[in-house]
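Notes follow the structure.
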Amino acid sequence: MEKRILFKYIDDPNQIHIDTYIAHGGYKAWEKTLKTMQPAQVIDEVKKSGLRGRGGAGFPAGMKWNFVPKDSPKPRYLICNADESEPGTCKDRVLMEQDPHGVVEGMAIAAYAIGSHLAFCYVRGEFVKPAALMEQAVKEAYDKKMLGKNIFGTGYDLNMVVHTGGGAYICGEETALLNSLEGERGMSRIRPPFPAVEGLYACPTVVNNVETLAAVPHIINNGGEWYASMGTEKSKGTKIFSLSGHVKKPGNYEVEMGTPLSYLISELGGGPLDGHKIKAIIPGGSSTPFLLPSQIDAPLDYESIAAAGSMLGSGAVIVMDERTCMVWVIERLIHFYRHESCGKCTPCREGTGWLEQLISRIERGEGKPGDLEKIDSICDNILGRTICPLGDAAVMPIQSALKLFRDEFQYHIDHKKCLVKSEFEFK
Ligand SMILES: Cc1cc2nc3c(=O)[nH]c(=O)nc-3n(C[C@H](O)[C@H](O)[C@H](O)COP(=O)(O)O)c2cc1C
């Protein structure tokens with residue numbers, strides 16, 4: 001069953017307007033926070049909820065907020081990461097387009113919790129409509145005095161800025177995002193120092209994903225325990241999964257953590273297309289290893305998907321049926337990652353280029369004996385050797401495909417043609 005919490009009013013076209021949002025109980029959590037809670041209490045409630053970051057890494061939100069030094073004389077910043085560039089992921093966009101005030105309210109509460117008076121929403125450059133709707137929501141919030149000076153007469157001030165991104169996948173990586181926001185080229189920074197200690201303009205900064213922040217008002221309204229009562233022991237609450245590929249009903253579905261992958265694909269997504277069967281599934285965005293149909297009952301939570309050999313990541317589930325050539329899939333992916341590598345780290349900058357050359361020539365039927373071993377070696381030399389995980393993101397699906405579907409790559413090299421396409425397209 002879908003469990004719509006963040007998505008409760010997602011189908012109401014008026015939800016984008018502040019009056020409808022307030023009529024649906026919106027900004028109550030913000031008022032409660034400012035009038036009745038100390039920042040430490042907000043952090044405690046979020047810790048109790050077990051909310052983990054929805055941007056990919058699954059880091060506990062309350063713990064991250066607690067890392068902000070309490071005694072720093074510097075300003076603190078809250079950043080909503082709305083870059084959403086991981087192929088397959090399209091949930092943050094929907095939250096911003098169809099319930100933008102939920103994001104504004106979550107950002108406001110998080111900003112208060114860390115003692116910030118300036119919050120940024122960094123929206124992917126190509127997201128023209130979500131950025132416009134977020135700007136409209138922020139303006140409405142100012143007009144209703146939910147933002148600005150002396151909010152609810154409590155003496156607390158908060159300003160909010162919507163900033164469009166640099167149009168690069170790397171700008172979603174939190175330290176590259178900070179550089180981009182500062183007007184620099186989007187390139188990752190070495191950690192430590194972590195952003196919570198030294199982030200934007202070298203000041204304490206918390207970066208959280210859109211979906212993470214949109215969950216916060218619900219946690220404040222209903223309590224951390226209520227949120228923690230949903231999901232599994234270590235993966236609490238609900239999660240929005242972006243289901244795409246070879247299914248009858250692709251779309252965004254909010255379900256409790258721990259819901260079986262098979263339920264998402266077969267019940268909510270309508271299952272594979274008629275007459276076809278599933279060959280491979282990417283469970284957490286294009287940088288996560290493939291799952292096989294035999295693993296379709298894996299529960300959708302961080303631990304279970306890791307135990308199945310992949311990652312929950314951003315929750316983008318991509319289904320591929322038996323007509324899909326895995327060499328072609330990997331060629332498309334490495335093309336993307338090579339293009340998006342920021343170039344700072346040599347293994348990623350050079351390695352993704354070499355991988356693209358090798359994989360493209362195999363895909364074209366021009367592969368040579370020894371190419372697969374070269375690919376293995378290049379992957380080994382990128383994994384874990386870069387400042388940010390973009391290098392890992394580029395090689396994990398390749399390593400996984402070579403492990404699970406090596407015979408398809410070998411067939412391309414040996415026969416100079418595609419095993420899958422010859423079976424399905426040329427009949
Ligand atoms: C290459 C790369 C791209 C990323 N893109 C995004 C993104 O588009 N949106 C996002 O929220 N997190 C993205 N992340 C993860 C962020 O670095 C960071 O972990 C996240 O914004 C923290 O928020 P959370 O704790 O709420 O998940 C990306 C990470 C990497 C390595």
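Numbering starts fresh at 1 for the residues of each chain in the structure tokens, the chains themselves are lettered A, B, ... in the order given, and ligands are numbered from 1 as they appear.
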Check your understanding: Would you give me, as a ChimeraX atom specification, the residues in segment 156-330 of chain A that DSSP reads as helix (DSSP H, G or I)?
Key -> /A:169-172,174-181,200-202,210-222,224-228,261-268,293-295,302-307,326-330
Review point. Which residues form the shell of 8 Å around ligand 1 when you count only C-alpha atoms and all ligand atoms, given as a PyMOL selection string?
Key: chain A and resi 52-61+64+80-86+124+169-175+207-213+314+388-390+393
Based on the selection just made, write C-alpha atoms of those residues as an mmCIF file, in the first residue's frame.
data_model
loop_
_atom_site.group_PDB
_atom_site.id
_atom_site.type_symbol
_atom_site.label_atom_id
_atom_site.label_comp_id
_atom_site.auth_asym_id
_atom_site.auth_seq_id
_atom_site.Cartn_x
_atom_site.Cartn_y
_atom_site.Cartn_z
ATOM 1 C CA ARG A 52 17.892 9.521 7.579
ATOM 2 C CA GLY A 53 19.002 11.654 4.647
ATOM 3 C CA ARG A 54 17.103 10.927 1.465
ATOM 4 C CA GLY A 55 19.762 12.353 -0.883
ATOM 5 C CA GLY A 56 21.580 9.037 -1.195
ATOM 6 C CA ALA A 57 23.863 8.413 1.753
ATOM 7 C CA GLY A 58 21.162 7.856 4.388
ATOM 8 C CA PHE A 59 23.014 9.780 7.114
ATOM 9 C CA PRO A 60 20.881 10.455 10.240
ATOM 10 C CA ALA A 61 19.507 14.013 9.950
ATOM 11 C CA LYS A 64 24.128 15.919 11.314
ATOM 12 C CA CYS A 80 18.245 22.461 0.815
ATOM 13 C CA ASN A 81 19.874 20.283 -1.847
ATOM 14 C CA ALA A 82 17.401 20.382 -4.720
ATOM 15 C CA ASP A 83 19.898 19.532 -7.444
ATOM 16 C CA GLU A 84 18.367 16.108 -8.096
ATOM 17 C CA SER A 85 20.598 14.963 -10.937
ATOM 18 C CA GLU A 86 20.996 11.238 -10.246
ATOM 19 C CA ARG A 124 19.045 22.185 -10.286
ATOM 20 C CA TYR A 169 25.557 16.489 -11.711
ATOM 21 C CA ILE A 170 28.541 17.218 -9.474
ATOM 22 C CA CYS A 171 26.776 20.304 -8.108
ATOM 23 C CA GLY A 172 24.494 17.933 -6.172
ATOM 24 C CA GLU A 173 27.508 16.638 -4.231
ATOM 25 C CA GLU A 174 27.346 18.760 -1.120
ATOM 26 C CA THR A 175 30.828 20.295 -1.149
ATOM 27 C CA VAL A 207 23.049 20.435 3.648
ATOM 28 C CA ASN A 208 19.961 18.246 3.428
ATOM 29 C CA ASN A 209 17.975 16.773 0.584
ATOM 30 C CA VAL A 210 14.499 18.107 -0.319
ATOM 31 C CA GLU A 211 12.701 14.938 0.774
ATOM 32 C CA THR A 212 14.601 14.824 4.091
ATOM 33 C CA LEU A 213 13.521 18.380 4.888
ATOM 34 C CA SER A 314 18.115 8.092 -3.763
ATOM 35 C CA CYS A 388 33.995 12.634 -3.768
ATOM 36 C CA PRO A 389 31.995 9.504 -4.557
ATOM 37 C CA LEU A 390 31.366 10.421 -8.229
ATOM 38 C CA ALA A 393 29.245 6.117 -8.719
#
Using only C-alpha atoms, which residues of segment 193-288 of chain A come within 7 Å of segment 87-98 of chain A, and what is the closest atom pair for each, with the distance in Å to one decimal? Give it as CSV, sorted by chain and residue number.
residue,atom,partner,partner_atom,distance
A:Val210,CA,A:Asp92,CA,5.7
A:Glu211,CA,A:Asp92,CA,6.2
A:Ile240,CA,A:Lys91,CA,6.6
A:Ser242,CA,A:Thr89,CA,5.7
A:Ser244,CA,A:Gly88,CA,6.9
A:Asn252,CA,A:Lys91,CA,6.3
A:Gly285,CA,A:Gly88,CA,5.6
A:Ser286,CA,A:Pro87,CA,5.5
**Study point:** For Gly166 of chain A: contacts at 8 Å, only C-alpha atoms, fewer than 6 positions along chain excluded, given as JSON, numbers by chain
**Key:** {"A": [124, 125, 180, 186]}
File dump, residues just selected, N, CA, C and O atoms, as a short mmCIF file (atom, residue, chain, number, x, y, z; two decimals), in the first residue's frame:
data_model
loop_
_atom_site.label_atom_id
_atom_site.label_comp_id
_atom_site.auth_asym_id
_atom_site.auth_seq_id
_atom_site.Cartn_x
_atom_site.Cartn_y
_atom_site.Cartn_z
N ARG A 124 18.41 22.56 -9.01
CA ARG A 124 19.04 22.18 -10.29
C ARG A 124 18.75 23.21 -11.38
O ARG A 124 17.60 23.63 -11.56
N GLY A 125 19.79 23.62 -12.12
CA GLY A 125 19.66 24.68 -13.10
C GLY A 125 18.58 24.44 -14.15
O GLY A 125 17.90 25.37 -14.59
N SER A 180 29.75 26.00 -5.75
CA SER A 180 28.89 26.60 -6.77
C SER A 180 28.10 27.77 -6.19
O SER A 180 27.99 28.83 -6.81
N GLY A 186 31.87 24.23 -9.77
CA GLY A 186 31.39 23.13 -8.92
C GLY A 186 32.40 22.00 -8.88
O GLY A 186 32.43 21.14 -9.75
#
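Remark: for Lys48 of chain A, the closest of the candidate residues A:Asp19, A:Asp321, A:Asp380, A:Glu225 is A:Glu225 (distances computed over only C-alpha atoms).
Remark: for Glu45 of chain A, the closest of the candidate residues A:His246, A:Arg189, A:His218, A:Lys74 is A:His218 (distances computed over only C-alpha atoms).
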Exercise for review: Can you pull out every residue within 8 Å of Asp392 of chain A, counting only C-alpha atoms, but drop anything in the same chain fewer than 5 positions away, and send it as number ranges by chain?
Suggested key: A: 287, 382-384, 386
Point to revise | Selection near segment 219-222 of chain A, 8 Å with only C-alpha atoms, sequence-local residues under 5 positions removed, as a list in words | key: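 So, after excluding close chain neighbours, the residues are Lys28, Ala29, Lys32, Thr33, Val42, Glu45, Val46, Ser49 and Tyr227 of chain A.
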Please dump the current selection as a PDB file, in the first residue's frame; keep N, CA and C atoms.
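The resulting out.pdb:
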ATOM      1  N   LYS A  28       1.764  24.886  10.728  1.00  0.00           N
ATOM      2  CA  LYS A  28       1.487  24.657  12.166  1.00  0.00           C
ATOM      3  C   LYS A  28       2.758  24.193  12.872  1.00  0.00           C
ATOM      4  N   ALA A  29       3.493  23.323  12.203  1.00  0.00           N
ATOM      5  CA  ALA A  29       4.728  22.798  12.813  1.00  0.00           C
ATOM      6  C   ALA A  29       5.734  23.926  13.005  1.00  0.00           C
ATOM      7  N   LYS A  32       4.563  25.928  15.980  1.00  0.00           N
ATOM      8  CA  LYS A  32       4.825  25.154  17.207  1.00  0.00           C
ATOM      9  C   LYS A  32       6.323  25.196  17.559  1.00  0.00           C
ATOM     10  N   THR A  33       7.142  25.038  16.535  1.00  0.00           N
ATOM     11  CA  THR A  33       8.597  25.044  16.744  1.00  0.00           C
ATOM     12  C   THR A  33       9.044  26.352  17.368  1.00  0.00           C
ATOM     13  N   VAL A  42      14.144  20.412  19.044  1.00  0.00           N
ATOM     14  CA  VAL A  42      13.831  20.065  17.649  1.00  0.00           C
ATOM     15  C   VAL A  42      14.792  18.965  17.183  1.00  0.00           C
ATOM     16  N   GLU A  45      13.881  15.657  18.717  1.00  0.00           N
ATOM     17  CA  GLU A  45      12.695  15.046  18.107  1.00  0.00           C
ATOM     18  C   GLU A  45      13.063  14.379  16.775  1.00  0.00           C
ATOM     19  N   VAL A  46      13.900  15.067  16.006  1.00  0.00           N
ATOM     20  CA  VAL A  46      14.310  14.507  14.704  1.00  0.00           C
ATOM     21  C   VAL A  46      15.207  13.280  14.918  1.00  0.00           C
ATOM     22  N   SER A  49      13.033  10.411  15.718  1.00  0.00           N
ATOM     23  CA  SER A  49      12.276   9.925  14.554  1.00  0.00           C
ATOM     24  C   SER A  49      13.080   8.913  13.739  1.00  0.00           C
ATOM     25  N   TYR A 227       6.880   8.898  13.819  1.00  0.00           N
ATOM     26  CA  TYR A 227       7.604   8.642  12.574  1.00  0.00           C
ATOM     27  C   TYR A 227       8.379   7.333  12.679  1.00  0.00           C
TER      28      TYR A 227
END
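Every protein or nucleic acid residue with an atom no more than 7 Å from segment 292-296 of chain A, counting only C-alpha atoms and leaving out same-chain residues fewer than 5 positions away, appears here: Leu261, Ser262, Ile278, Lys279, Ala280 and Ile281 of chain A.
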Requested write-out: all heavy atoms of the selected residues, as a short mmCIF file (atom, residue, chain, number, x, y, z; two decimals), in the first residue's frame:
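The result, written out as part-v2.cif:
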data_model
loop_
_atom_site.label_atom_id
_atom_site.label_comp_id
_atom_site.auth_asym_id
_atom_site.auth_seq_id
_atom_site.Cartn_x
_atom_site.Cartn_y
_atom_site.Cartn_z
N LEU A 261 10.41 -4.78 -2.68
CA LEU A 261 10.63 -4.24 -4.02
C LEU A 261 9.59 -4.80 -4.99
O LEU A 261 9.09 -4.10 -5.88
CB LEU A 261 12.05 -4.63 -4.46
CG LEU A 261 12.54 -4.27 -5.84
CD1 LEU A 261 12.48 -2.77 -6.08
CD2 LEU A 261 13.98 -4.76 -6.05
N SER A 262 9.22 -6.07 -4.78
CA SER A 262 8.24 -6.71 -5.67
C SER A 262 6.88 -6.01 -5.59
O SER A 262 6.17 -5.89 -6.58
CB SER A 262 8.06 -8.19 -5.30
OG SER A 262 7.77 -8.30 -3.93
N ILE A 278 11.39 -9.42 -16.34
CA ILE A 278 12.43 -8.53 -15.83
C ILE A 278 13.80 -9.21 -15.91
O ILE A 278 13.94 -10.39 -15.60
CB ILE A 278 12.11 -8.12 -14.37
CG1 ILE A 278 10.82 -7.29 -14.34
CG2 ILE A 278 13.26 -7.33 -13.76
CD1 ILE A 278 10.31 -6.98 -12.95
N LYS A 279 14.77 -8.42 -16.33
CA LYS A 279 16.13 -8.94 -16.45
C LYS A 279 17.04 -8.37 -15.35
O LYS A 279 17.87 -9.07 -14.79
CB LYS A 279 16.68 -8.54 -17.82
CG LYS A 279 18.14 -8.84 -18.03
CD LYS A 279 18.51 -8.50 -19.47
CE LYS A 279 19.96 -8.78 -19.76
NZ LYS A 279 20.29 -8.52 -21.18
N ALA A 280 16.88 -7.08 -15.07
CA ALA A 280 17.74 -6.44 -14.08
C ALA A 280 17.02 -5.23 -13.49
O ALA A 280 16.15 -4.65 -14.13
CB ALA A 280 19.04 -5.99 -14.73
N ILE A 281 17.40 -4.89 -12.26
CA ILE A 281 16.77 -3.75 -11.58
C ILE A 281 17.86 -2.91 -10.93
O ILE A 281 18.71 -3.43 -10.20
CB ILE A 281 15.80 -4.23 -10.47
CG1 ILE A 281 14.77 -5.20 -11.02
CG2 ILE A 281 15.13 -3.03 -9.79
CD1 ILE A 281 14.15 -6.11 -9.96
#
What's the 9 Å shell around Thr238 of chain A, counting only C-alpha atoms, without same-chain residues fewer than 5 positions away, as a JSON list (two decimals) with N, CA and C atoms, in the first residue's frame?
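After the write, around.json holds the following:
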[["chain", "number", "residue", "atom", "x", "y", "z"],
["A", 3, "LYS", "N", 1.83, 4.78, 1.32],
["A", 3, "LYS", "CA", 1.63, 5.45, 2.62],
["A", 3, "LYS", "C", 1.97, 6.92, 2.39],
["A", 4, "ARG", "N", 0.93, 7.68, 2.10],
["A", 4, "ARG", "CA", 1.18, 9.06, 1.70],
["A", 4, "ARG", "C", 1.24, 10.01, 2.89],
["A", 5, "ILE", "N", 2.45, 10.43, 3.21],
["A", 5, "ILE", "CA", 2.63, 11.44, 4.26],
["A", 5, "ILE", "C", 3.12, 12.73, 3.61],
["A", 6, "LEU", "N", 4.28, 12.65, 2.98],
["A", 6, "LEU", "CA", 4.75, 13.82, 2.22],
["A", 6, "LEU", "C", 3.87, 14.06, 1.00],
["A", 215, "ALA", "N", 10.10, 16.00, 5.27],
["A", 215, "ALA", "CA", 9.56, 15.09, 6.30],
["A", 215, "ALA", "C", 9.50, 15.78, 7.67],
["A", 227, "TYR", "N", 6.88, 8.90, 13.82],
["A", 227, "TYR", "CA", 7.60, 8.64, 12.57],
["A", 227, "TYR", "C", 8.38, 7.33, 12.68],
["A", 230, "MET", "N", 7.01, 3.77, 11.95],
["A", 230, "MET", "CA", 6.89, 3.27, 10.56],
["A", 230, "MET", "C", 8.26, 2.82, 10.07],
["A", 231, "GLY", "N", 8.25, 1.86, 9.18],
["A", 231, "GLY", "CA", 9.50, 1.39, 8.59],
["A", 231, "GLY", "C", 10.09, 0.22, 9.34],
["A", 254, "GLU", "N", 5.12, 6.78, -2.65],
["A", 254, "GLU", "CA", 5.59, 6.88, -1.26],
["A", 254, "GLU", "C", 5.12, 5.65, -0.50],
["A", 255, "VAL", "N", 6.06, 4.91, 0.05],
["A", 255, "VAL", "CA", 5.71, 3.70, 0.81],
["A", 255, "VAL", "C", 6.53, 3.67, 2.10],
["A", 256, "GLU", "N", 6.11, 2.80, 3.02],
["A", 256, "GLU", "CA", 6.89, 2.62, 4.23],
["A", 256, "GLU", "C", 8.21, 1.98, 3.88],
["A", 257, "MET", "N", 9.25, 2.38, 4.55],
["A", 257, "MET", "CA", 10.54, 1.70, 4.41],
["A", 257, "MET", "C", 10.35, 0.23, 4.74],
["A", 258, "GLY", "N", 10.98, -0.63, 3.99],
["A", 258, "GLY", "CA", 10.85, -2.06, 4.24],
["A", 258, "GLY", "C", 9.80, -2.73, 3.36]]
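Of the residues listed (A:Gly155, A:Tyr77, A:Leu419, A:Ala113), A:Tyr77 shows the shortest atom-to-atom separation from Leu178 of chain A; distances use only C-alpha atoms.
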Exercise for review: Enumerate, as a PyMOL selection string, the complete set of residues in segment 51-114 of chain A that a backbone-based DSSP assignment places in strand (DSSP E or B).
Suggested key: chain A and resi 52+60+77-82
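The two atoms in question, atom CA of Val319 of chain A and atom CA of Gly245 of chain A, are spaced 4.8 Å apart.
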Practice item. Give the answer as one residue: which of A:Leu264, A:Ile190, A:Ala196, A:Ile387 has the shortest atom-to-atom distance to Cys345 of chain A, using only C-alpha atoms? Key: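 Looking only at the distances to Cys345 of chain A, the closest residue turns out to be A:Ile387.
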Study note, to complete from the structure: Taken to one decimal, the atom CA of Thr259 of chain A-atom CA of Ala401 of chain A distance is 25.5 Å
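Distances to Lys248 of chain A were evaluated for A:Gly313, A:Gly351, A:Pro283, A:Gly271 using only C-alpha atoms, and the minimum falls at A:Gly271.
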Practice item. Can you work out which one of A:Glu2, A:Glu373, A:Phe7, A:Val161 has the shortest atom-to-atom distance to Tyr142 of chain A, counting only C-alpha atoms? Key: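 Checking each of A:Glu2, A:Glu373, A:Phe7, A:Val161 against Tyr142 of chain A, counting only C-alpha atoms, the winner is A:Val161.
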